[in-house]
Amino acid sequence: MLMSLPVELIMAIVRGLEGDVEGLRTVALTCRDLLPIAREELFAVINVRAVEEGYMQVHLQHVVEVRTGRAVSPTAEEHRLLSGLPLRTLPKLRALGFVCLSPIFYIRLTPGLFSALGQLTSVTTLTLSRPSFLHLWHAQSVICALPNLSRLGLREPVFESFSLPLTYDGPLSRRFAATATRRPQLAFLSLAPAEDGAGEEIAAWVGQGPSGRTLATLVVPYHAVRPHVVLREFGPSVVRLSMPLRAPDGVYDRYLAEYSGLETLTVVLEAYSASAGPWHLLGPLMEHGVCAEALRVLRVDVRVEYGMDLCGALDWAALDRVNDALDEARYAGVGRVEVVVQWREGLGWDPEDGVRETVVENVRARLYGPAQAGKLLARVHKVKEVSVCVQRRSRVLTRRDSTRTRFPYDELWA
């Protein structure tokens with residue numbers, strides 16, 4: 001019965017399990033006809049250590065992203081595997097991810113690895129989670145190593161000083177000098193700055209280059225503590241923006257008014273009962289902080305980090321102000337308003353029966369303008385945590401730090 005459906009529909013259903021390795025394995029084992037469809041997603045993302053495994057050779061044709069990280073293997077092994085990626089057997093490779101590696105991984109990057117990265121002309125996406133650089137030139141050399149980069153994700157980059165002997169200093173110094181004037185031409189940037197100034201410097205470096213004219217999607221992840229240092233470097237070219245409300249009064253008004261081409265705005269907030277301050281910015285932001293003439297979609301994403309009275313997760317007075325703001329003529333083009341309240345499965349908590357429905361009803365009552373116009377979508381749900389990366393046989397299904405809404409590594413791409 002299932003296989004009587006159009007193949008395109010079945011593929012769309014299976015893609016809904018993207019990143020859920022356990023779920024995809026179950027689909028693959030269901031029947032022979034579903035196996036090739038499930039393999040497309042099951043082997044889309046692998047750890048670099050799986051490349052050498054014999055059982056993986058016939059599946060490398062499905063690989064879209066190669067990740068390396070957690071410093072499980074010595075740095076030299078990570079470098080060797082990345083330098084020797086079998087490009088002929090990776091025809092769909094489009095992305096690289098360096099996840100939570102030891103600082104030494106970045107400090108001891110070899111000229112051979114830089115040369116190998118320069119040969120990856122099919123790779124357009126690079127994700128660096130908590131990278132450690134010596135300085136901005138060092139970050140430039142890594143980012144610009146990929147010749148056709150158009151999508152970049154950076155989570156909490158830092159500049160660090162090291163006292164260990166720098167045997168690589170000569171080769172890397174020459175590369176620093178060679179890339180000092182180069183800047184990527186990005187269509188997508190996700191940047192979560194850390195407390196130090198590395199993220200701020202990198203944002204300025206990217207924004208003052210070609211990306212200032214070509215960047216269409218900007219994501220400042222939920223966990224970012226200084227979103228304004230990223231927002232101020234971009235503007236009219238951005239069509240889709242996702243950002244947390246965390247900064248002091250006035251910061252968002254000052255920068256978002258420059259985003260004249262903005263069509264989709266996602267505002268991410270912590271639950272009101274856990275952090276009330278940012279909710280006080282939501283009303284003023286919508287009233288005079290957003291350049292709304294081109295806006296088509298507004299999304300308010302509320303994150304619940306611990307068990308609580310779910311009705312206290314939203315500031316209802318702030319939603320009243322949002323409703324009034326959306327009634328202004330400049331918001332006439334908005335065709336969809338979404339309010340999403342979500343929490344992790346790992347919390348081990350669920351609201352009492354009926355509370356979800358009550359929250360949805362209250363959202364519709366407060367945002368009655370969009371609701372009556374048929375523009376409002378309100379959702380309250382739990383987020384399933386999944387494994388997302390195929391590794392060596394002895395380590396399959398060990399990474400459980402990502403979820404269907406991109407916590408925390410994949411949140412860079414939300």
# chains A, B, ... in the order shown; residues from 1 in each chain; ligands from 1

$ residues_around --residues "Ala332 in chain A" --least-positions-apart "5" --cutoff "12 Å" --atoms "only C-alpha atoms" --output "count of residues only"
13

$ residues_around --residues "range 22-24 of chain A" --least-positions-apart "3" --cutoff "6 Å" --atoms "only C-alpha atoms" --output "list in words"
Val27, Ala38 and Leu42 of chain A

$ write_last_selection --atoms "N, CA and C atoms" --output "short mmCIF file (atom, residue, chain, number, x, y, z; two decimals), in the first residue's frame"
data_model
loop_
_atom_site.label_atom_id
_atom_site.label_comp_id
_atom_site.auth_asym_id
_atom_site.auth_seq_id
_atom_site.Cartn_x
_atom_site.Cartn_y
_atom_site.Cartn_z
N VAL A 27 13.27 2.87 9.26
CA VAL A 27 12.66 2.92 7.93
C VAL A 27 13.41 2.02 6.96
N ALA A 38 15.73 5.59 2.25
CA ALA A 38 16.23 5.89 3.59
C ALA A 38 17.73 6.13 3.58
N LEU A 42 20.03 8.66 5.59
CA LEU A 42 20.79 8.01 6.66
C LEU A 42 22.28 8.30 6.56
#

$ residues_around --residues "Leu96 in chain A" --least-positions-apart "4" --cutoff "9 Å" --atoms "only C-alpha atoms" --output "list of chain:residue names"
A:Val64, A:Glu65, A:Val66, A:Arg67, A:Thr68, A:Val123, A:Thr124, A:Thr125, A:Leu126, A:Thr127, A:Leu128

$ write_last_selection --atoms "all heavy atoms" --output "PDB file, in the first residue's frame"
ATOM      1  N   VAL A  64      26.531  14.090   2.023  1.00  0.00           N
ATOM      2  CA  VAL A  64      26.421  15.516   1.717  1.00  0.00           C
ATOM      3  C   VAL A  64      27.338  16.336   2.627  1.00  0.00           C
ATOM      4  O   VAL A  64      27.881  17.348   2.216  1.00  0.00           O
ATOM      5  CB  VAL A  64      24.965  15.995   1.877  1.00  0.00           C
ATOM      6  CG1 VAL A  64      24.846  17.502   1.665  1.00  0.00           C
ATOM      7  CG2 VAL A  64      24.050  15.250   0.911  1.00  0.00           C
ATOM      8  N   GLU A  65      27.505  15.879   3.871  1.00  0.00           N
ATOM      9  CA  GLU A  65      28.325  16.621   4.835  1.00  0.00           C
ATOM     10  C   GLU A  65      29.244  15.670   5.585  1.00  0.00           C
ATOM     11  O   GLU A  65      28.829  14.585   6.006  1.00  0.00           O
ATOM     12  CB  GLU A  65      27.455  17.376   5.834  1.00  0.00           C
ATOM     13  CG  GLU A  65      28.259  18.136   6.882  1.00  0.00           C
ATOM     14  CD  GLU A  65      27.395  18.921   7.854  1.00  0.00           C
ATOM     15  OE1 GLU A  65      26.150  18.906   7.699  1.00  0.00           O
ATOM     16  OE2 GLU A  65      27.960  19.545   8.760  1.00  0.00           O
ATOM     17  N   VAL A  66      30.487  16.105   5.777  1.00  0.00           N
ATOM     18  CA  VAL A  66      31.460  15.383   6.597  1.00  0.00           C
ATOM     19  C   VAL A  66      31.759  16.236   7.813  1.00  0.00           C
ATOM     20  O   VAL A  66      32.095  17.413   7.684  1.00  0.00           O
ATOM     21  CB  VAL A  66      32.760  15.095   5.816  1.00  0.00           C
ATOM     22  CG1 VAL A  66      33.825  14.531   6.761  1.00  0.00           C
ATOM     23  CG2 VAL A  66      32.484  14.109   4.687  1.00  0.00           C
ATOM     24  N   ARG A  67      31.639  15.630   8.978  1.00  0.00           N
ATOM     25  CA  ARG A  67      31.922  16.335  10.228  1.00  0.00           C
ATOM     26  C   ARG A  67      33.092  15.697  10.945  1.00  0.00           C
ATOM     27  O   ARG A  67      33.330  14.499  10.827  1.00  0.00           O
ATOM     28  CB  ARG A  67      30.710  16.322  11.157  1.00  0.00           C
ATOM     29  CG  ARG A  67      29.518  17.098  10.622  1.00  0.00           C
ATOM     30  CD  ARG A  67      28.392  17.103  11.631  1.00  0.00           C
ATOM     31  NE  ARG A  67      27.197  17.736  11.063  1.00  0.00           N
ATOM     32  CZ  ARG A  67      26.030  17.775  11.672  1.00  0.00           C
ATOM     33  NH1 ARG A  67      25.887  17.209  12.858  1.00  0.00           N
ATOM     34  NH2 ARG A  67      24.989  18.368  11.098  1.00  0.00           N
ATOM     35  N   THR A  68      33.771  16.491  11.707  1.00  0.00           N
ATOM     36  CA  THR A  68      34.851  15.983  12.548  1.00  0.00           C
ATOM     37  C   THR A  68      34.819  16.763  13.838  1.00  0.00           C
ATOM     38  O   THR A  68      34.487  17.950  13.851  1.00  0.00           O
ATOM     39  CB  THR A  68      36.215  16.124  11.862  1.00  0.00           C
ATOM     40  OG1 THR A  68      37.223  15.574  12.714  1.00  0.00           O
ATOM     41  CG2 THR A  68      36.550  17.571  11.566  1.00  0.00           C
ATOM     42  N   VAL A 123      32.334  22.027  -2.131  1.00  0.00           N
ATOM     43  CA  VAL A 123      31.903  22.371  -0.771  1.00  0.00           C
ATOM     44  C   VAL A 123      31.555  23.853  -0.700  1.00  0.00           C
ATOM     45  O   VAL A 123      32.405  24.712  -0.943  1.00  0.00           O
ATOM     46  CB  VAL A 123      32.992  22.018   0.257  1.00  0.00           C
ATOM     47  CG1 VAL A 123      32.588  22.513   1.650  1.00  0.00           C
ATOM     48  CG2 VAL A 123      33.218  20.511   0.294  1.00  0.00           C
ATOM     49  N   THR A 124      30.315  24.134  -0.326  1.00  0.00           N
ATOM     50  CA  THR A 124      29.853  25.518  -0.224  1.00  0.00           C
ATOM     51  C   THR A 124      29.462  25.906   1.202  1.00  0.00           C
ATOM     52  O   THR A 124      29.174  27.073   1.454  1.00  0.00           O
ATOM     53  CB  THR A 124      28.633  25.743  -1.135  1.00  0.00           C
ATOM     54  OG1 THR A 124      27.596  24.811  -0.784  1.00  0.00           O
ATOM     55  CG2 THR A 124      29.011  25.533  -2.604  1.00  0.00           C
ATOM     56  N   THR A 125      29.473  24.933   2.122  1.00  0.00           N
ATOM     57  CA  THR A 125      29.032  25.185   3.494  1.00  0.00           C
ATOM     58  C   THR A 125      30.123  24.778   4.471  1.00  0.00           C
ATOM     59  O   THR A 125      30.666  23.668   4.381  1.00  0.00           O
ATOM     60  CB  THR A 125      27.746  24.392   3.809  1.00  0.00           C
ATOM     61  OG1 THR A 125      26.712  24.806   2.916  1.00  0.00           O
ATOM     62  CG2 THR A 125      27.299  24.633   5.236  1.00  0.00           C
ATOM     63  N   LEU A 126      30.424  25.647   5.431  1.00  0.00           N
ATOM     64  CA  LEU A 126      31.413  25.366   6.467  1.00  0.00           C
ATOM     65  C   LEU A 126      30.834  25.754   7.816  1.00  0.00           C
ATOM     66  O   LEU A 126      30.314  26.861   7.987  1.00  0.00           O
ATOM     67  CB  LEU A 126      32.695  26.165   6.216  1.00  0.00           C
ATOM     68  CG  LEU A 126      33.785  26.056   7.290  1.00  0.00           C
ATOM     69  CD1 LEU A 126      34.332  24.634   7.373  1.00  0.00           C
ATOM     70  CD2 LEU A 126      34.911  27.052   7.020  1.00  0.00           C
ATOM     71  N   THR A 127      30.909  24.819   8.778  1.00  0.00           N
ATOM     72  CA  THR A 127      30.462  25.072  10.143  1.00  0.00           C
ATOM     73  C   THR A 127      31.629  24.883  11.095  1.00  0.00           C
ATOM     74  O   THR A 127      32.282  23.838  11.077  1.00  0.00           O
ATOM     75  CB  THR A 127      29.330  24.116  10.541  1.00  0.00           C
ATOM     76  OG1 THR A 127      28.246  24.255   9.612  1.00  0.00           O
ATOM     77  CG2 THR A 127      28.826  24.432  11.931  1.00  0.00           C
ATOM     78  N   LEU A 128      31.891  25.887  11.923  1.00  0.00           N
ATOM     79  CA  LEU A 128      32.947  25.837  12.921  1.00  0.00           C
ATOM     80  C   LEU A 128      32.313  26.092  14.282  1.00  0.00           C
ATOM     81  O   LEU A 128      31.811  27.191  14.539  1.00  0.00           O
ATOM     82  CB  LEU A 128      34.017  26.897  12.640  1.00  0.00           C
ATOM     83  CG  LEU A 128      34.636  26.885  11.235  1.00  0.00           C
ATOM     84  CD1 LEU A 128      35.586  28.064  11.071  1.00  0.00           C
ATOM     85  CD2 LEU A 128      35.370  25.580  10.978  1.00  0.00           C
TER      86      LEU A 128
END

$ atom_distance --atom1 "CA of Leu245 in chain A" --atom2 "CA of Tyr272 in chain A"
11.7 Å

$ select_by_dssp --residues "range 180-348 of chain A" --states "strand (DSSP E or B)" --output "compact mmCIF listing (two decimals) with C-alpha atoms, in the first residue's frame"
# COMPACT_ATOMS: atom_id res chain seq x y z
CA PHE A 188 24.05 32.61 4.46
CA LEU A 189 25.75 33.44 7.75
CA SER A 190 25.06 32.09 11.23
CA LEU A 191 27.25 33.66 13.89
CA ALA A 192 27.05 33.33 17.67
CA THR A 217 20.00 34.95 5.37
CA LEU A 218 21.41 35.96 8.75
CA VAL A 219 21.02 33.79 11.85
CA ARG A 240 15.62 36.32 6.28
CA LEU A 241 16.72 37.15 9.83
CA SER A 242 16.61 35.03 12.99
CA MET A 243 17.80 36.59 16.25
CA PRO A 244 17.37 36.39 20.04
CA THR A 264 11.04 36.90 7.22
CA LEU A 265 11.82 37.83 10.83
CA THR A 266 12.19 35.25 13.61
CA VAL A 267 12.51 36.56 17.15
CA VAL A 268 13.66 33.98 19.72
CA LEU A 269 12.98 34.53 23.42
CA GLU A 270 13.46 32.62 26.63
CA VAL A 297 6.47 36.39 7.78
CA LEU A 298 6.84 37.14 11.51
CA ARG A 299 7.76 34.31 13.86
CA VAL A 300 8.00 34.45 17.67
CA ASP A 301 9.91 31.42 18.96
CA VAL A 302 9.69 30.83 22.74
CA ARG A 303 12.15 28.41 24.38
CA VAL A 304 11.21 26.69 27.65
CA ARG A 336 1.76 34.79 8.22
CA VAL A 337 2.35 35.23 11.94
CA GLU A 338 3.69 32.25 13.89
CA VAL A 339 4.03 31.78 17.64
CA VAL A 340 5.93 28.65 18.66
CA VAL A 341 6.46 27.46 22.24
CA GLN A 342 8.83 24.51 22.51
CA TRP A 343 10.95 22.54 24.96
CA ARG A 344 13.36 19.63 24.80

$ atom_distance --atom1 "CA of Ser115 in chain A" --atom2 "CA of Gln140 in chain A"
14.8 Å

$ closest_residue --among "A:Leu109, A:Ile46, A:Leu215, A:Gly207" --to "Val230 in chain A" --atoms "only C-alpha atoms"
A:Gly207

$ residues_around --residues "Glu201 in chain A" --least-positions-apart "3" --cutoff "12 Å" --atoms "only C-alpha atoms" --output "list in words"
His135, Leu136, Trp137, Ala139, Gln140, Pro157, Val158, Phe159, Leu191, Pro193, Ala194, Asp196, Gly197, Ala198, Ala204, Trp205, Val206, Gly207, Gln208, Val229, Val230, Arg232 and Glu233 of chain A

$ closest_residue --among "A:Pro131, A:Gly118, A:Pro210, A:Gly153" --to "Gly69 in chain A" --atoms "only C-alpha atoms"
A:Pro131

$ closest_residue --among "A:Val51, A:Leu149, A:Met11, A:Val58" --to "Arg94 in chain A" --atoms "only C-alpha atoms"
A:Leu149

$ closest_residue --among "A:Ala378, A:Ala44, A:Val220, A:Ile37" --to "Thr358 in chain A" --atoms "only C-alpha atoms"
A:Ala378

$ select_by_dssp --residues "range 332-395 of chain A" --states "helix (DSSP H, G or I)" --output "ChimeraX atom specification"
/A:345-347,355-366,368-372,393-395

$ decode --residues "range 91-215 of chain A" --atoms "C-alpha atoms" --output "compact mmCIF listing (two decimals), in the first residue's frame"
# COMPACT_ATOMS: atom_id res chain seq x y z
CA PRO A 91 30.04 13.19 -5.53
CA LYS A 92 27.40 14.92 -3.36
CA LEU A 93 29.77 16.45 -0.78
CA ARG A 94 28.66 20.02 -0.10
CA ALA A 95 29.49 20.74 3.54
CA LEU A 96 32.19 20.42 6.21
CA GLY A 97 31.65 20.71 9.96
CA PHE A 98 34.34 21.09 12.62
CA VAL A 99 32.54 20.54 15.92
CA CYS A 100 33.93 21.35 19.38
CA LEU A 101 37.48 20.34 18.51
CA SER A 102 40.52 20.82 20.69
CA PRO A 103 42.13 24.27 20.17
CA ILE A 104 45.22 22.43 18.93
CA PHE A 105 43.23 21.27 15.88
CA TYR A 106 43.12 24.84 14.57
CA ILE A 107 46.53 25.89 15.82
CA ARG A 108 48.31 23.02 14.07
CA LEU A 109 46.53 23.09 10.73
CA THR A 110 49.07 21.98 8.17
CA PRO A 111 49.83 23.52 4.76
CA GLY A 112 48.85 20.16 3.26
CA LEU A 113 45.38 20.40 4.79
CA PHE A 114 44.94 23.95 3.50
CA SER A 115 45.86 22.73 0.04
CA ALA A 116 43.37 19.86 0.31
CA LEU A 117 40.60 22.25 1.38
CA GLY A 118 41.40 24.37 -1.64
CA GLN A 119 40.57 21.39 -3.87
CA LEU A 120 37.08 21.00 -2.40
CA THR A 121 35.36 23.07 -5.06
CA SER A 122 32.00 21.34 -4.46
CA VAL A 123 31.90 22.37 -0.77
CA THR A 124 29.85 25.52 -0.22
CA THR A 125 29.03 25.18 3.49
CA LEU A 126 31.41 25.37 6.47
CA THR A 127 30.46 25.07 10.14
CA LEU A 128 32.95 25.84 12.92
CA SER A 129 31.71 25.20 16.46
CA ARG A 130 33.79 26.88 19.19
CA PRO A 131 36.89 27.34 17.02
CA SER A 132 40.09 28.72 18.56
CA PHE A 133 42.18 31.07 16.42
CA LEU A 134 45.34 33.02 17.09
CA HIS A 135 43.95 36.20 15.55
CA LEU A 136 41.72 37.45 12.73
CA TRP A 137 44.24 36.53 10.03
CA HIS A 138 44.18 32.95 11.30
CA ALA A 139 40.36 32.87 11.09
CA GLN A 140 40.57 34.34 7.58
CA SER A 141 42.94 31.63 6.45
CA VAL A 142 40.55 28.86 7.56
CA ILE A 143 37.37 30.45 6.21
CA CYS A 144 38.93 31.42 2.88
CA ALA A 145 40.53 28.00 2.36
CA LEU A 146 37.34 26.79 0.65
CA PRO A 147 37.20 28.49 -2.76
CA ASN A 148 33.41 28.41 -3.27
CA LEU A 149 32.12 29.07 0.25
CA SER A 150 28.62 30.61 0.35
CA ARG A 151 27.26 29.37 3.72
CA LEU A 152 29.18 29.88 6.97
CA GLY A 153 28.26 28.92 10.54
CA LEU A 154 30.40 30.08 13.48
CA ARG A 155 29.58 29.26 17.08
CA GLU A 156 31.51 31.16 19.77
CA PRO A 157 34.85 31.69 18.00
CA VAL A 158 37.68 32.87 20.25
CA PHE A 159 41.17 34.27 19.85
CA GLU A 160 43.67 32.51 22.11
CA SER A 161 47.36 32.86 22.87
CA PHE A 162 49.50 29.73 23.15
CA SER A 163 52.91 29.34 24.75
CA LEU A 164 53.72 25.99 23.09
CA PRO A 165 56.34 25.98 20.32
CA LEU A 166 54.70 27.03 17.04
CA THR A 167 56.56 24.85 14.54
CA TYR A 168 54.00 25.68 11.86
CA ASP A 169 54.46 29.44 12.23
CA GLY A 170 56.37 30.04 9.00
CA PRO A 171 53.98 28.33 6.57
CA LEU A 172 50.88 29.69 8.28
CA SER A 173 52.28 33.21 8.49
CA ARG A 174 52.70 33.23 4.72
CA ARG A 175 49.12 31.99 4.33
CA PHE A 176 47.86 34.68 6.74
CA ALA A 177 49.48 37.33 4.58
CA ALA A 178 48.09 35.79 1.37
CA THR A 179 44.49 35.80 2.67
CA ALA A 180 44.56 39.14 4.49
CA THR A 181 42.72 40.92 1.68
CA ARG A 182 40.30 38.09 0.83
CA ARG A 183 36.72 37.93 2.07
CA PRO A 184 34.03 35.32 1.34
CA GLN A 185 30.93 36.14 -0.70
CA LEU A 186 28.23 34.62 1.49
CA ALA A 187 24.52 34.09 0.97
CA PHE A 188 24.05 32.61 4.46
CA LEU A 189 25.75 33.44 7.75
CA SER A 190 25.06 32.09 11.23
CA LEU A 191 27.25 33.66 13.89
CA ALA A 192 27.05 33.33 17.67
CA PRO A 193 29.73 35.58 19.20
CA ALA A 194 31.39 34.61 22.47
CA GLU A 195 32.25 37.01 25.29
CA ASP A 196 35.60 37.94 23.77
CA GLY A 197 35.91 40.11 20.66
CA ALA A 198 36.58 37.38 18.09
CA GLY A 199 33.00 37.13 16.84
CA GLU A 200 32.74 40.91 16.65
CA GLU A 201 35.91 41.19 14.55
CA ILE A 202 34.87 38.36 12.23
CA ALA A 203 31.40 39.88 11.74
CA ALA A 204 32.96 43.22 10.78
CA TRP A 205 35.42 41.51 8.42
CA VAL A 206 32.61 39.62 6.68
CA GLY A 207 30.19 42.55 6.59
CA GLN A 208 32.70 44.98 5.09
CA GLY A 209 33.38 42.61 2.19
CA PRO A 210 31.22 41.29 -0.66
CA SER A 211 28.89 39.58 1.83
CA GLY A 212 27.58 42.99 2.85
CA ARG A 213 25.90 43.07 -0.56
CA THR A 214 25.11 39.37 -1.10
CA LEU A 215 24.02 38.05 2.32
